[in-house]
>>> print(open('start.tsv').read())   # TSV, C-alpha atoms
chain	number	residue	atom	x	y	z
A	1	MET	CA	31.64	-51.76	3.22
A	2	TYR	CA	27.85	-51.76	3.68
A	3	THR	CA	25.44	-54.47	4.78
A	4	LEU	CA	21.70	-54.47	4.27
A	5	THR	CA	19.46	-55.23	7.23
A	6	ASN	CA	15.96	-56.56	7.60
A	7	THR	CA	14.75	-52.99	8.07
A	8	THR	CA	15.28	-49.96	5.81
A	9	THR	CA	18.52	-49.00	7.55
A	10	ILE	CA	21.94	-49.90	6.17
A	11	LEU	CA	24.90	-50.94	8.30
A	12	ARG	CA	28.24	-49.31	7.51
A	13	ALA	CA	31.43	-51.30	8.14
A	14	ASP	CA	32.20	-49.25	11.26
A	15	GLY	CA	28.81	-50.16	12.77
A	16	ALA	CA	26.91	-46.98	11.96
A	17	SER	CA	23.21	-47.50	11.18
A	18	ILE	CA	22.24	-45.34	8.23
A	19	PRO	CA	18.61	-44.53	7.49
A	20	ALA	CA	17.29	-44.34	3.95
A	21	ASP	CA	16.93	-40.57	3.89
A	22	PRO	CA	18.24	-38.72	0.83
A	23	ALA	CA	19.06	-35.74	3.07
A	24	ASN	CA	21.33	-37.83	5.27
A	25	ILE	CA	24.94	-37.38	4.13
A	26	ASP	CA	25.84	-40.94	5.12
A	27	TYR	CA	23.02	-42.21	2.92
A	28	GLN	CA	24.22	-39.93	0.13
A	29	ALA	CA	27.67	-41.52	0.48
A	30	TYR	CA	26.07	-44.96	0.31
A	31	GLN	CA	24.20	-43.99	-2.86
A	32	ALA	CA	27.44	-42.72	-4.39
A	33	TRP	CA	29.09	-46.00	-3.42
A	34	LEU	CA	26.31	-47.93	-5.15
A	35	ALA	CA	26.55	-45.68	-8.20
A	36	ALA	CA	30.25	-46.53	-8.40
A	37	GLY	CA	29.24	-50.11	-9.08
A	38	ASN	CA	29.54	-51.58	-5.61
A	39	THR	CA	27.13	-54.08	-4.11
A	40	PRO	CA	26.19	-54.28	-0.42
A	41	THR	CA	26.31	-57.47	1.55
A	42	PRO	CA	22.83	-59.01	1.74
A	43	ALA	CA	20.94	-58.86	5.00
A	44	PRO	CA	21.71	-61.80	7.26
A	45	VAL	CA	19.13	-64.56	7.09
A	46	PRO	CA	17.15	-64.51	10.35
A	47	THR	CA	17.86	-67.40	12.69
A	48	THR	CA	15.12	-69.91	13.44
A	49	ALA	CA	14.57	-68.21	16.80
A	50	GLN	CA	14.27	-64.80	15.13
A	51	GLN	CA	11.82	-66.13	12.57
A	52	THR	CA	9.75	-67.78	15.29
A	53	LEU	CA	9.68	-64.58	17.33
A	54	ALA	CA	8.68	-62.58	14.29
A	55	GLN	CA	5.83	-65.02	13.62
A	56	ILE	CA	4.64	-64.75	17.21
A	57	VAL	CA	4.71	-60.95	17.07
A	58	ALA	CA	2.84	-61.02	13.75
A	59	ILE	CA	0.13	-63.28	15.15
A	60	GLU	CA	-0.20	-61.14	18.28
A	61	GLN	CA	-0.49	-57.99	16.21
A	62	ALA	CA	-2.93	-59.51	13.69
A	63	THR	CA	-5.28	-61.10	16.21
A	64	PRO	CA	-8.13	-58.75	17.12
A	65	PHE	CA	-8.11	-59.40	20.85
A	66	THR	CA	-9.25	-56.54	22.96
A	67	HIS	CA	-8.74	-55.85	26.61
A	68	ARG	CA	-12.46	-56.46	27.05
A	69	HIS	CA	-12.24	-59.92	25.46
A	70	LEU	CA	-9.47	-60.96	27.82
A	71	ARG	CA	-11.33	-59.66	30.86
A	72	ASP	CA	-14.50	-61.49	29.85
A	73	ILE	CA	-12.63	-64.76	29.28
A	74	THR	CA	-10.82	-64.42	32.59
A	75	ASP	CA	-14.07	-63.71	34.39
A	76	LEU	CA	-15.75	-66.77	32.87
A	77	MET	CA	-12.84	-68.98	33.90
A	78	VAL	CA	-12.84	-67.63	37.43
A	79	GLN	CA	-16.56	-68.25	37.77
A	80	ALA	CA	-16.19	-71.81	36.46
A	81	ILE	CA	-13.36	-72.61	38.85
A	82	LYS	CA	-15.20	-71.11	41.83
A	83	THR	CA	-18.30	-73.08	40.97
A	84	ALA	CA	-16.33	-76.31	40.89
A	85	ASN	CA	-14.30	-75.53	43.99
A	86	PRO	CA	-15.50	-72.58	46.12
A	87	ALA	CA	-12.56	-72.92	48.51
A	88	VAL	CA	-9.97	-71.91	45.93
A	89	ASP	CA	-8.57	-68.40	46.46
A	90	LEU	CA	-7.85	-67.09	42.98
A	91	SER	CA	-7.07	-63.57	44.12
A	92	VAL	CA	-3.48	-64.58	44.88
A	93	ILE	CA	-2.88	-64.93	41.14
A	94	PRO	CA	-1.60	-61.48	40.03
A	95	GLY	CA	-3.31	-61.44	36.63
A	96	ILE	CA	-6.68	-62.38	38.06
A	97	ALA	CA	-6.34	-59.83	40.83
A	98	ALA	CA	-5.52	-57.18	38.24
A	99	VAL	CA	-8.56	-58.10	36.15
A	100	ALA	CA	-10.78	-57.94	39.23
A	101	GLN	CA	-9.38	-54.51	40.06
A	102	VAL	CA	-10.00	-53.22	36.53
A	103	GLU	CA	-13.54	-54.60	36.55
A	104	ALA	CA	-14.24	-52.87	39.85
A	105	GLN	CA	-12.90	-49.55	38.54
A	106	ILE	CA	-14.96	-49.78	35.36
A	107	ALA	CA	-18.07	-50.80	37.28
A	108	ALA	CA	-17.63	-47.72	39.47
A	109	LEU	CA	-17.33	-45.51	36.42
A	110	ARG	CA	-20.36	-47.10	34.78
A	111	SER	CA	-22.40	-46.26	37.83
A	112	ASN	CA	-21.82	-42.59	36.95
A	113	LEU	CA	-23.68	-43.14	33.69
A	114	LYS	CA	-26.95	-44.03	35.38
B	115	MET	CA	-0.98	6.82	19.33
B	116	ALA	CA	1.90	8.62	17.69
B	117	VAL	CA	5.35	7.65	18.87
B	118	ASP	CA	8.33	9.93	18.40
B	119	LEU	CA	11.37	8.00	17.27
B	120	VAL	CA	14.84	9.34	16.67
B	121	PHE	CA	17.32	7.27	14.69
B	122	ASN	CA	20.88	8.05	15.58
B	123	ASN	CA	24.23	6.37	15.95
B	124	ASN	CA	23.11	4.63	19.12
B	125	GLY	CA	20.06	3.04	17.58
B	126	ILE	CA	16.44	4.04	18.02
B	127	GLN	CA	15.66	6.57	20.72
B	128	PHE	CA	12.10	6.67	22.00
B	129	ALA	CA	10.18	9.69	23.23
B	130	ASP	CA	10.78	8.70	26.85
B	131	GLY	CA	14.52	8.71	26.29
B	132	GLY	CA	14.89	4.93	26.13
B	133	VAL	CA	17.24	3.60	23.47
B	134	MET	CA	16.98	0.34	21.60
B	135	SER	CA	20.53	-0.33	20.53
B	136	SER	CA	21.20	-0.95	16.87
B	137	THR	CA	24.09	-3.26	17.68
B	138	LYS	CA	23.23	-6.80	16.65
B	139	GLN	CA	21.44	-8.57	19.43
B	140	LEU	CA	21.96	-11.99	20.92
B	141	GLY	CA	24.64	-13.05	18.47
B	142	MET	CA	22.14	-14.01	15.83
B	143	GLN	CA	24.33	-12.43	13.16
B	144	ASN	CA	26.82	-15.26	13.52
B	145	ARG	CA	26.07	-18.01	11.01
B	146	LEU	CA	28.56	-20.31	12.69
B	147	HIS	CA	27.23	-22.60	15.36
B	148	ASN	CA	29.06	-23.35	18.57
B	149	ALA	CA	31.48	-20.50	17.93
B	150	LEU	CA	32.32	-20.42	21.64
B	151	PHE	CA	33.14	-24.14	21.47
B	152	ASN	CA	31.07	-24.56	24.62
B	153	ILE	CA	28.86	-27.36	23.26
B	154	ASN	CA	30.73	-30.64	23.48
B	155	GLN	CA	28.18	-33.45	23.35
B	156	ARG	CA	30.83	-35.95	22.26
B	157	THR	CA	32.85	-34.91	25.33
B	158	VAL	CA	36.19	-34.71	23.55
B	159	SER	CA	39.05	-33.77	25.84
B	160	GLY	CA	42.81	-33.38	26.03
B	161	THR	CA	44.51	-33.64	22.68
B	162	VAL	CA	41.69	-34.22	20.23
B	163	THR	CA	42.77	-36.28	17.23
B	164	LEU	CA	40.19	-36.60	14.50
B	165	ALA	CA	40.20	-38.61	11.30
B	166	ALA	CA	39.02	-36.86	8.15
B	167	GLY	CA	35.38	-35.86	8.56
B	168	ALA	CA	35.18	-36.88	12.23
B	169	TYR	CA	33.60	-34.50	14.72
B	170	GLY	CA	35.09	-32.99	17.86
B	171	HIS	CA	33.15	-30.15	19.45
B	172	ASP	CA	29.62	-29.93	18.13
B	173	ARG	CA	29.40	-28.86	14.49
B	174	TRP	CA	33.19	-28.81	14.05
B	175	LYS	CA	34.80	-31.61	12.10
B	176	ALA	CA	38.21	-32.44	10.72
B	177	GLY	CA	39.03	-31.48	7.18
B	178	ALA	CA	40.22	-33.87	4.51
B	179	GLY	CA	43.60	-34.31	6.19
B	180	GLY	CA	42.23	-34.95	9.67
B	181	CYS	CA	42.80	-32.63	12.60
B	182	THR	CA	44.59	-32.50	15.91
B	183	TYR	CA	43.81	-29.80	18.43
B	184	THR	CA	43.78	-28.93	22.08
B	185	PHE	CA	41.57	-26.42	23.81
B	186	ALA	CA	41.48	-24.31	26.92
B	187	THR	CA	38.77	-22.11	28.42
B	188	VAL	CA	39.46	-18.86	30.23
B	189	GLY	CA	36.71	-16.51	31.27
B	190	ASN	CA	34.14	-18.54	29.33
B	191	ILE	CA	36.07	-18.14	26.09
B	192	THR	CA	37.48	-21.33	24.64
B	193	THR	CA	40.55	-21.12	22.45
B	194	LEU	CA	41.44	-23.98	20.17
B	195	THR	CA	45.02	-24.65	19.23
B	196	ILE	CA	45.08	-26.59	15.99
B	197	THR	CA	48.43	-28.35	15.76
B	198	ALA	CA	47.85	-30.42	12.63
B	199	GLY	CA	45.37	-30.59	9.78
B	200	THR	CA	42.31	-28.41	9.54
B	201	LEU	CA	39.02	-27.95	11.38
B	202	GLN	CA	35.90	-26.97	9.54
B	203	GLN	CA	32.20	-26.27	9.89
B	204	VAL	CA	29.66	-26.64	7.13
B	205	ILE	CA	27.02	-23.93	7.41
B	206	GLU	CA	23.63	-25.14	6.26
B	207	GLY	CA	22.43	-23.22	3.23
B	208	ALA	CA	19.06	-22.71	4.88
B	209	ASN	CA	20.81	-20.40	7.35
B	210	LEU	CA	22.54	-18.27	4.73
B	211	GLU	CA	21.46	-15.29	2.70
B	212	SER	CA	22.99	-14.28	-0.62
B	213	GLY	CA	25.71	-11.67	-0.55
B	214	THR	CA	29.03	-10.70	0.93
B	215	HIS	CA	29.90	-12.15	4.31
B	216	CYS	CA	32.76	-11.45	6.65
B	217	LEU	CA	34.70	-14.10	8.56
B	218	SER	CA	36.48	-12.93	11.68
B	219	TRP	CA	38.15	-14.61	14.65
B	220	VAL	CA	40.79	-14.10	17.29
B	221	GLY	CA	44.05	-16.01	17.03
B	222	THR	CA	46.92	-17.00	14.80
B	223	ALA	CA	45.16	-19.54	12.62
B	224	THR	CA	44.34	-18.78	9.03
B	225	ALA	CA	41.04	-19.72	7.46
B	226	ARG	CA	39.31	-20.10	4.18
B	227	ILE	CA	35.77	-19.97	2.90
B	228	ASP	CA	34.83	-22.98	0.80
B	229	SER	CA	37.80	-23.80	-1.43
B	230	GLY	CA	39.24	-20.27	-1.38
B	231	SER	CA	42.66	-19.24	-0.17
B	232	TYR	CA	43.63	-19.23	3.49
B	233	SER	CA	43.74	-15.75	4.91
B	234	THR	CA	43.63	-13.81	8.16
B	235	SER	CA	40.71	-12.54	10.22
B	236	GLY	CA	38.45	-10.07	8.51
B	237	MET	CA	38.36	-11.87	5.19
B	238	THR	CA	35.22	-11.81	3.09
B	239	GLY	CA	33.39	-14.32	0.96
B	240	THR	CA	30.22	-14.60	-1.02
B	241	SER	CA	27.33	-16.72	0.14
B	242	VAL	CA	24.44	-17.98	-1.93
B	243	GLY	CA	21.23	-18.37	-0.01
B	244	GLY	CA	20.28	-22.03	0.24
B	245	THR	CA	23.75	-23.32	-0.59
B	246	ASN	CA	25.94	-24.88	2.08
B	247	GLN	CA	29.19	-23.15	2.82
B	248	THR	CA	32.32	-24.44	4.53
B	249	ILE	CA	34.48	-22.45	6.92
B	250	GLU	CA	37.85	-24.13	7.51
B	251	PHE	CA	40.66	-23.21	9.91
B	252	SER	CA	44.26	-24.27	9.50
B	253	THR	CA	46.92	-24.58	12.21
B	254	GLY	CA	47.22	-21.96	14.92
B	255	THR	CA	44.91	-20.65	17.59
B	256	VAL	CA	41.29	-19.70	17.07
B	257	SER	CA	38.58	-18.33	19.31
B	258	LEU	CA	35.39	-16.35	18.79
B	259	PRO	CA	34.99	-17.14	15.09
B	260	GLN	CA	32.15	-15.30	13.43
B	261	TYR	CA	30.70	-15.41	9.94
B	262	GLU	CA	28.17	-12.68	9.28
B	263	ALA	CA	26.42	-10.88	6.48
B	264	GLY	CA	28.14	-7.74	5.27
B	265	GLY	CA	31.67	-6.73	4.47
B	266	ASN	CA	32.80	-5.78	7.96
B	267	ALA	CA	33.32	-7.67	11.18
B	268	SER	CA	31.22	-6.69	14.17
B	269	ALA	CA	31.86	-7.51	17.81
B	270	PHE	CA	31.45	-11.19	18.59
B	271	GLY	CA	27.84	-12.00	19.32
B	272	TYR	CA	27.29	-14.17	22.37
B	273	ARG	CA	24.31	-16.51	22.39
B	274	PRO	CA	22.77	-18.20	25.45
B	275	ILE	CA	24.22	-21.67	25.92
B	276	GLY	CA	20.77	-23.27	25.95
B	277	LEU	CA	20.00	-21.74	22.60
B	278	GLU	CA	23.35	-22.82	21.22
B	279	LEU	CA	22.74	-26.39	22.39
B	280	ALA	CA	19.35	-26.41	20.69
B	281	LEU	CA	20.94	-25.14	17.47
B	282	CYS	CA	23.52	-27.92	17.64
B	283	LYS	CA	20.91	-30.60	18.30
B	284	ARG	CA	19.52	-30.06	14.82
B	285	TYR	CA	22.71	-31.77	13.66
B	286	GLY	CA	23.64	-34.13	16.46
B	287	ARG	CA	22.05	-35.51	19.57
B	288	LYS	CA	23.70	-37.33	22.41
B	289	MET	CA	21.75	-40.06	24.18
B	290	THR	CA	22.93	-40.79	27.71
B	291	LEU	CA	20.93	-43.53	29.37
B	292	ASP	CA	17.83	-42.16	27.65
B	293	LEU	CA	14.85	-44.23	28.74
B	294	LEU	CA	13.24	-46.34	26.03
B	295	GLY	CA	10.78	-48.17	28.26
B	296	PHE	CA	10.44	-51.93	28.66
B	297	THR	CA	11.39	-54.87	26.50
B	298	LEU	CA	8.47	-56.68	24.89
B	299	ASN	CA	10.36	-59.78	23.86
B	300	ALA	CA	13.86	-60.80	22.79
B	301	ASN	CA	14.28	-58.07	20.19
B	302	ASN	CA	11.54	-55.47	20.52
B	303	LEU	CA	10.47	-52.90	23.04
B	304	TYR	CA	6.89	-52.10	24.00
B	305	ASN	CA	7.38	-48.75	22.33
B	306	GLY	CA	11.07	-48.10	21.95
B	307	THR	CA	10.61	-44.74	20.28
B	308	LEU	CA	12.71	-41.85	21.40
B	309	SER	CA	11.23	-38.45	20.53
B	310	PHE	CA	13.70	-35.64	19.91
B	311	ASP	CA	13.43	-32.35	21.75
B	312	VAL	CA	14.72	-30.58	18.63
B	313	GLU	CA	13.75	-31.72	15.14
B	314	MET	CA	16.89	-32.83	13.34
B	315	ARG	CA	18.05	-31.62	9.95
B	316	ALA	CA	17.55	-35.07	8.41
B	317	THR	CA	16.80	-38.58	9.58
B	318	PRO	CA	19.87	-39.26	11.69
B	319	THR	CA	22.53	-41.90	11.42
B	320	LEU	CA	23.12	-43.88	14.59
B	321	ASP	CA	26.87	-43.54	15.09
B	322	PRO	CA	28.93	-46.61	15.99
B	323	GLY	CA	29.28	-47.56	19.63
B	324	ALA	CA	25.70	-47.22	20.85
B	325	THR	CA	24.78	-49.43	23.79
B	326	PHE	CA	21.72	-50.53	25.72
B	327	THR	CA	21.58	-50.67	29.48
B	328	VAL	CA	18.94	-53.06	30.80
B	329	SER	CA	17.75	-53.75	34.31
B	330	SER	CA	18.24	-57.50	33.94
B	331	GLY	CA	19.67	-60.02	31.47
B	332	SER	CA	21.60	-59.47	28.27
B	333	ALA	CA	22.05	-55.87	27.12
B	334	GLY	CA	21.78	-56.85	23.46
B	335	THR	CA	23.00	-55.01	20.38
B	336	VAL	CA	21.54	-51.68	19.35
B	337	ALA	CA	19.71	-51.59	16.03
B	338	LEU	CA	18.06	-48.54	14.56
B	339	ASN	CA	14.75	-50.00	13.44
B	340	ASN	CA	13.16	-46.86	12.13
B	341	ALA	CA	13.75	-43.14	12.31
B	342	THR	CA	12.53	-39.77	11.17
B	343	PRO	CA	13.96	-36.29	11.86
B	344	ARG	CA	11.64	-36.23	14.88
B	345	ASN	CA	12.15	-39.62	16.50
B	346	ALA	CA	13.93	-42.94	16.34
B	347	THR	CA	12.85	-46.47	17.18
B	348	PHE	CA	15.32	-49.05	18.41
B	349	GLY	CA	15.49	-52.82	18.68
B	350	ASN	CA	17.96	-55.53	19.64
B	351	SER	CA	19.61	-57.19	16.66
B	352	ALA	CA	21.15	-59.84	18.93
B	353	VAL	CA	17.65	-61.09	19.87
B	354	ASN	CA	18.67	-61.97	23.40
B	355	TRP	CA	16.68	-59.70	25.70
B	356	THR	CA	14.70	-60.83	28.67
B	357	ALA	CA	11.11	-59.65	28.30
B	358	ASN	CA	9.68	-56.94	30.57
B	359	VAL	CA	12.91	-55.36	31.76
B	360	GLY	CA	13.74	-51.66	31.68
B	361	CYS	CA	15.90	-50.44	28.83
B	362	GLN	CA	17.99	-47.31	28.30
B	363	ILE	CA	20.19	-46.26	25.41
B	364	THR	CA	23.50	-44.44	25.20
B	365	GLY	CA	24.87	-43.28	21.85
B	366	PHE	CA	24.90	-40.50	19.32
B	367	LEU	CA	22.50	-39.60	16.52
B	368	ASN	CA	24.08	-37.70	13.70
B	369	ALA	CA	22.37	-35.56	11.07
B	370	GLU	CA	25.40	-33.45	10.23
B	371	LEU	CA	26.36	-31.96	6.93
>>> encode(input="start.tsv", output="C-alpha cells")
Amino acid sequence: MYTLTNTTTILRADGASIPADPANIDYQAYQAWLAAGNTPTPAPVPTTAQQTLAQIVAIEQATPFTHRHLRDITDLMVQAIKTANPAVDLSVIPGIAAVAQVEAQIAALRSNLK
Amino acid sequence: MAVDLVFNNNGIQFADGGVMSSTKQLGMQNRLHNALFNINQRTVSGTVTLAAGAYGHDRWKAGAGGCTYTFATVGNITTLTITAGTLQQVIEGANLESGTHCLSWVGTATARIDSGSYSTSGMTGTSVGGTNQTIEFSTGTVSLPQYEAGGNASAFGYRPIGLELALCKRYGRKMTLDLLGFTLNANNLYNGTLSFDVEMRATPTLDPGATFTVSSGSAGTVALNNATPRNATFGNSAVNWTANVGCQITGFLNAEL
C-alpha cells in the first residue's frame, strides 16, 4: 500500500506523495499502518543512469568553482587562441560572448571604485 | 479627549451620532470554512460522487459512507442537495473556543456535531478549544451553514471571497500551470521550489494526478522531493527531462484534516 522513495516522502498506492510530517493526516495514516505491523515496499534501486546523474550533480555541487574562476579560465583560453591565430572570431561563440559582456559590465562598475 | 459612548440595542453610539453595529461583522463568527460553497479549487461539477474521505468543494469531504450531491447557485447562494451518504467538515481545533456552539443552516438536511445525533437547524454542541470538531450533513438540501459560539443562531455572516479562498488555502492549494522555472538535468530543476501564498496547516501531501508541462521534450513524472508548510520542491522521478527547458506544474497540495 505504501512505497518508500529515495527522499523522505512516501508514495501511497494511489500515487499520492506523502511528506514525513506528523501533522499531516496522510502521514498519520501511514504511521498507523506501520503500527499495525505492515511493511512498506522498499525504494526502487536507482537505475545506472540515475546513479550517474546523481554522481554528476554531487560533483558539481561539491566542487568549489566560482563564477570568477570560470571567467578567468575562459579569458586565458581566449587570449591563448587569439595569440596563436589572431584571425579567429571567438565572439560568435555564445558562452565567450557572455563572458566578455560580464567582464565589461564588471570593469565598468570597478571604475566607480576609483 | 473624552468620548461619549452610549451602548444600546443597536451597538455603540458615538457622540457624533454614528453607530458601530454590534451585529457580528464580516462573518468571522462562523467557524465553518467555505460555508457559501463558493470555493471550488478541485472544480467539481454536475453530480459530485465522492468516496469516503474524498473532497468536493474546498474543506468539505465525504463521510465514512461516501457522498453524492449536486449543487446550484442562485443569487450568490449555493445550495447543495445531498442525495446519498454524508458530507462533513472538520473544524481545526485552533479555530475553536471552549463552550456551547450553535449549528444552523437553511434546508431539509439534518446534521450532527461530532458523533452526536442528527438533528435540525439550530442545534447546539460543545466545543473544546484546541480540539478538532466535525460537522456532518446527511441527505437533503443545505445552504448557509454556520457554526458559531453561543447557544443561538445569528444571521449568516458573509465573508469576502478572497478571504475565504485564503482560509481554504491553509488546507488545500491548487496548482494550475504554476511556474517552477527551468530543468537543470534529467530529474532536477534549477530551483523547483514553489512558495505558497498562504502557509499551510501542515506539510502537504501531493495528491495523485499531478503533471508537469514542459516547453520541450518529455514531461516526466512529478515527484515531491521536499516540502514544508511554506513551500514544496519538485523533481522528475522518470529521469527523462531535457535540460534547460521551462517547466510548470498542475496538481493539488493537500494539508486537510
>>> closest_atom_pairs(input="start.tsv", of="chain B", to="chain A", cutoff="9 Å", atoms="all atoms listed in the file", output="Markdown table")
| residue | atom | partner | partner_atom | distance |
| --- | --- | --- | --- | --- |
| B:Asn299 | CA | A:Leu53 | CA | 8.1 |
| B:Ala300 | CA | A:Leu53 | CA | 7.8 |
| B:Asn301 | CA | A:Gln50 | CA | 8.4 |
| B:Arg315 | CA | A:Ala23 | CA | 8.1 |
| B:Ala316 | CA | A:Ala23 | CA | 5.6 |
| B:Thr317 | CA | A:Asp21 | CA | 6.0 |
| B:Pro318 | CA | A:Asn24 | CA | 6.7 |
| B:Thr319 | CA | A:Ile18 | CA | 4.7 |
| B:Leu320 | CA | A:Ser17 | CA | 5.0 |
| B:Asp321 | CA | A:Ala16 | CA | 4.7 |
| B:Pro322 | CA | A:Ala16 | CA | 4.5 |
| B:Gly323 | CA | A:Gly15 | CA | 7.4 |
| B:Ala324 | CA | A:Ala16 | CA | 9.0 |
| B:Ala337 | CA | A:Ser17 | CA | 7.2 |
| B:Leu338 | CA | A:Ser17 | CA | 6.2 |
| B:Asn339 | CA | A:Thr7 | CA | 6.1 |
| B:Asn340 | CA | A:Thr8 | CA | 7.4 |
| B:Ala341 | CA | A:Pro19 | CA | 7.0 |
| B:Thr342 | CA | A:Asp21 | CA | 8.5 |
| B:Val353 | CA | A:Gln50 | CA | 6.9 |
| B:Asn368 | CA | A:Asn24 | CA | 8.9 |
| B:Ala369 | CA | A:Asn24 | CA | 6.3 |
| B:Glu370 | CA | A:Ile25 | CA | 7.3 |
| B:Leu371 | CA | A:Ile25 | CA | 6.3 |
>>> residues_around(input="start.tsv", residues="segment 61-77 of chain A", least_positions_apart="4", cutoff="9 Å", atoms="all atoms listed in the file", output="PyMOL selection string")
chain A and resi 56-57+81-82+96+99-100+102-103
>>> residues_around(input="start.tsv", residues="segment 29-44 of chain A", least_positions_apart="5", cutoff="6 Å", atoms="all atoms listed in the file", output="JSON, numbers by chain")
{"A": [2, 3, 4, 5]}
>>> atom_distance(input="start.tsv", atom1="atom CA of Gly276 of chain B", atom2="atom CA of Asn305 of chain B")
29.0 Å
>>> axis_aligned_box(input="start.tsv", around="segment 160-172 of chain B", padding_each_side="5 Å", output="lines of an AutoDock Vina configuration file")
center_x = 37.1
center_y = -34.3
center_z = 17.1
size_x = 24.9
size_y = 18.7
size_z = 27.9
>>> residues_near_point(input="start.tsv", point="(20.2, -27.8, 8.8)", cutoff="10 Å", atoms="only C-alpha atoms", output="PyMOL selection string")
(chain A and resi 23) or (chain B and resi 204-209+246+281-285+313-316+369-371)
>>> residues_around(input="start.tsv", residues="Glu278 of chain B", least_positions_apart="5", cutoff="10 Å", atoms="only C-alpha atoms", output="ChimeraX atom specification")
/B:147-153,172,272-273,283
>>> atom_distance(input="start.tsv", atom1="atom CA of Ser233 of chain B", atom2="atom CA of Asn190 of chain B")
26.4 Å
>>> atom_distance(input="start.tsv", atom1="atom CA of Thr255 of chain B", atom2="atom CA of Gly239 of chain B")
21.2 Å
>>> residues_around(input="start.tsv", residues="Leu303 of chain B", least_positions_apart="6", cutoff="8 Å", atoms="only C-alpha atoms", output="PyMOL selection string")
chain B and resi 294-297+348-349
>>> write_last_selection(input="start.tsv", atoms="C-alpha atoms", output="mmCIF file, keeping the file's coordinate frame")
data_model
loop_
_atom_site.group_PDB
_atom_site.id
_atom_site.type_symbol
_atom_site.label_atom_id
_atom_site.label_comp_id
_atom_site.auth_asym_id
_atom_site.auth_seq_id
_atom_site.Cartn_x
_atom_site.Cartn_y
_atom_site.Cartn_z
ATOM 1 C CA LEU B 294 13.240 -46.340 26.030
ATOM 2 C CA GLY B 295 10.780 -48.170 28.260
ATOM 3 C CA PHE B 296 10.440 -51.930 28.660
ATOM 4 C CA THR B 297 11.390 -54.870 26.500
ATOM 5 C CA PHE B 348 15.320 -49.050 18.410
ATOM 6 C CA GLY B 349 15.490 -52.820 18.680
#
